[in-house]
Amino acid sequence: MSPGGLFRQPSSASSRARASAGQAAPPAGFWRRTRAYAIDWLLLAPIMAFVLRSPIATAWTAMLKLNSLLQDWLLDRLLDGSGPMPSPLALAEALMQDAPLLASVDALLVQVSWAVTQAVALAAGLAGLYFIGFEASAWQATPGKRWLGLQVVDLEGARIGWGRAGARFLAGGLSWLSLNLGHALAGWRKDGRALHDLIAGTRVVQGASVRRPAGGLPG
């Protein structure tokens with residue numbers, strides 16, 4: 001296997017020239033990257049809302065049913081007038097002994113869990129298609145990055161492929177799980193690389209500015 005492993009791109013005169021330009025390009029600034037990311041999510045938000053409307057509606061409906069079920073059960077126990085008002089401990093014991101109620105609660109929780117799982121999977125898949133697809137494309141950038149004149153390249157300044165773009169997207173989860181310290185690395189390091197860039201072997205650089213039509217939107 002050649003140096004660079006599975007992520008290595010085919011070589012040509014034009015690609016080598018672009019790689020040389022990418023290698024010489026200065027790293028993108030932290031706040032410029034942040035603005036580009038915000039633009040991308042502004043573009044993604046309406047698409048996400050449309051795609052996720054069904055599982056979110058399902059989860060919300062199930063939660064409302066669960067809330068109504070528990071409220072009705074509690075009111076029945078508090079207002080039955082058969083004796084003194086039960087203590088919270090007595091209510092908890094009665095709840096745990098009410099098999100039909102627990103079965104209904106379990107069924108509704110399963111609906112909520114499944115709907116939330118669907119929503120998370122759809123959101124991750126859509127975000128993956130967006131970021132991986134654009135960064136591995138001839139643009140070498142998402143619309144937000146392209147609008148601000150940024151590009152994603154490998155350490156030699158060359159265009160990244162699907163494998164490296166996918167690794168970068170997945171490694172982005174670690175940047176979030178580190179309470180955004182992974183993203184903050186881009187502001188602390190001289191080379192402007194975040195944690196997911198270090199893992200995937202990528203850089204975000206200031207490429208050629210994109211010509212904007214007068215009054216136009218990012219393209």
# chains A, B, ... in the order shown; residues from 1 in each chain; ligands from 1
>>> select_by_dssp(residues="stretch 150-212 of chain A", states="helix (DSSP H, G or I)", output="MDAnalysis selection string")
chainID A and resid 162:177 181:188 195:200
>>> closest_atom_pairs(of="stretch 59-132 of chain A", to="stretch 142-153 of chain A", cutoff="12 Å", atoms="only C-alpha atoms", output="Markdown table")
| residue | atom | partner | partner_atom | distance |
| --- | --- | --- | --- | --- |
| A:Ala127 | CA | A:Thr142 | CA | 11.1 |
| A:Gly128 | CA | A:Thr142 | CA | 11.5 |
| A:Leu129 | CA | A:Thr142 | CA | 10.8 |
| A:Tyr130 | CA | A:Thr142 | CA | 7.5 |
| A:Phe131 | CA | A:Thr142 | CA | 6.2 |
| A:Ile132 | CA | A:Thr142 | CA | 8.6 |
>>> atom_distance(atom1="atom CA of A:Leu198", atom2="atom CA of A:Gly29")
16.0 Å
>>> atom_distance(atom1="atom CA of A:Ala123", atom2="atom CA of A:Val205")
27.2 Å
>>> residues_around(residues="A:Ala167", least_positions_apart="2", cutoff="9 Å", atoms="only C-alpha atoms", output="VMD selection string")
chain A and resid 132 162 to 165 169 to 172 196 199 to 200
>>> write_last_selection(atoms="N, CA, C and O atoms", output="PDB file, in the first residue's frame")
ATOM      1  N   ILE A 132     -19.647  15.362   4.601  1.00  0.00           N
ATOM      2  CA  ILE A 132     -18.739  14.459   3.891  1.00  0.00           C
ATOM      3  C   ILE A 132     -18.807  14.707   2.388  1.00  0.00           C
ATOM      4  O   ILE A 132     -17.788  14.811   1.702  1.00  0.00           O
ATOM      5  N   TRP A 162     -13.466  10.565  -0.001  1.00  0.00           N
ATOM      6  CA  TRP A 162     -14.600  10.187   0.845  1.00  0.00           C
ATOM      7  C   TRP A 162     -14.142   9.581   2.162  1.00  0.00           C
ATOM      8  O   TRP A 162     -14.740   9.826   3.213  1.00  0.00           O
ATOM      9  N   GLY A 163     -13.071   8.771   2.113  1.00  0.00           N
ATOM     10  CA  GLY A 163     -12.607   8.114   3.328  1.00  0.00           C
ATOM     11  C   GLY A 163     -12.130   9.099   4.369  1.00  0.00           C
ATOM     12  O   GLY A 163     -12.525   9.040   5.540  1.00  0.00           O
ATOM     13  N   ARG A 164     -11.291  10.045   3.945  1.00  0.00           N
ATOM     14  CA  ARG A 164     -10.761  11.014   4.889  1.00  0.00           C
ATOM     15  C   ARG A 164     -11.854  11.995   5.337  1.00  0.00           C
ATOM     16  O   ARG A 164     -11.893  12.409   6.503  1.00  0.00           O
ATOM     17  N   ALA A 165     -12.747  12.361   4.415  1.00  0.00           N
ATOM     18  CA  ALA A 165     -13.857  13.247   4.789  1.00  0.00           C
ATOM     19  C   ALA A 165     -14.775  12.558   5.801  1.00  0.00           C
ATOM     20  O   ALA A 165     -15.260  13.186   6.756  1.00  0.00           O
ATOM     21  N   PHE A 169     -15.538  13.691   9.685  1.00  0.00           N
ATOM     22  CA  PHE A 169     -16.888  13.890  10.226  1.00  0.00           C
ATOM     23  C   PHE A 169     -17.098  13.072  11.492  1.00  0.00           C
ATOM     24  O   PHE A 169     -17.617  13.585  12.496  1.00  0.00           O
ATOM     25  N   LEU A 170     -16.700  11.797  11.466  1.00  0.00           N
ATOM     26  CA  LEU A 170     -16.884  10.943  12.645  1.00  0.00           C
ATOM     27  C   LEU A 170     -16.036  11.438  13.817  1.00  0.00           C
ATOM     28  O   LEU A 170     -16.484  11.428  14.968  1.00  0.00           O
ATOM     29  N   ALA A 171     -14.816  11.874  13.528  1.00  0.00           N
ATOM     30  CA  ALA A 171     -13.957  12.379  14.599  1.00  0.00           C
ATOM     31  C   ALA A 171     -14.509  13.665  15.196  1.00  0.00           C
ATOM     32  O   ALA A 171     -14.184  14.016  16.333  1.00  0.00           O
ATOM     33  N   GLY A 172     -15.364  14.367  14.431  1.00  0.00           N
ATOM     34  CA  GLY A 172     -15.981  15.567  14.962  1.00  0.00           C
ATOM     35  C   GLY A 172     -16.810  15.293  16.204  1.00  0.00           C
ATOM     36  O   GLY A 172     -16.980  16.175  17.049  1.00  0.00           O
ATOM     37  N   HIS A 196     -10.545  16.924  15.349  1.00  0.00           N
ATOM     38  CA  HIS A 196     -10.945  16.042  14.250  1.00  0.00           C
ATOM     39  C   HIS A 196     -10.024  16.187  13.039  1.00  0.00           C
ATOM     40  O   HIS A 196      -9.874  15.247  12.256  1.00  0.00           O
ATOM     41  N   ILE A 199      -7.013  13.967  13.920  1.00  0.00           N
ATOM     42  CA  ILE A 199      -7.311  12.540  13.786  1.00  0.00           C
ATOM     43  C   ILE A 199      -7.385  12.136  12.317  1.00  0.00           C
ATOM     44  O   ILE A 199      -6.865  11.086  11.914  1.00  0.00           O
ATOM     45  N   ALA A 200      -8.035  12.973  11.499  1.00  0.00           N
ATOM     46  CA  ALA A 200      -8.264  12.609  10.091  1.00  0.00           C
ATOM     47  C   ALA A 200      -7.114  13.014   9.181  1.00  0.00           C
ATOM     48  O   ALA A 200      -7.096  12.625   8.014  1.00  0.00           O
TER      49      ALA A 200
END
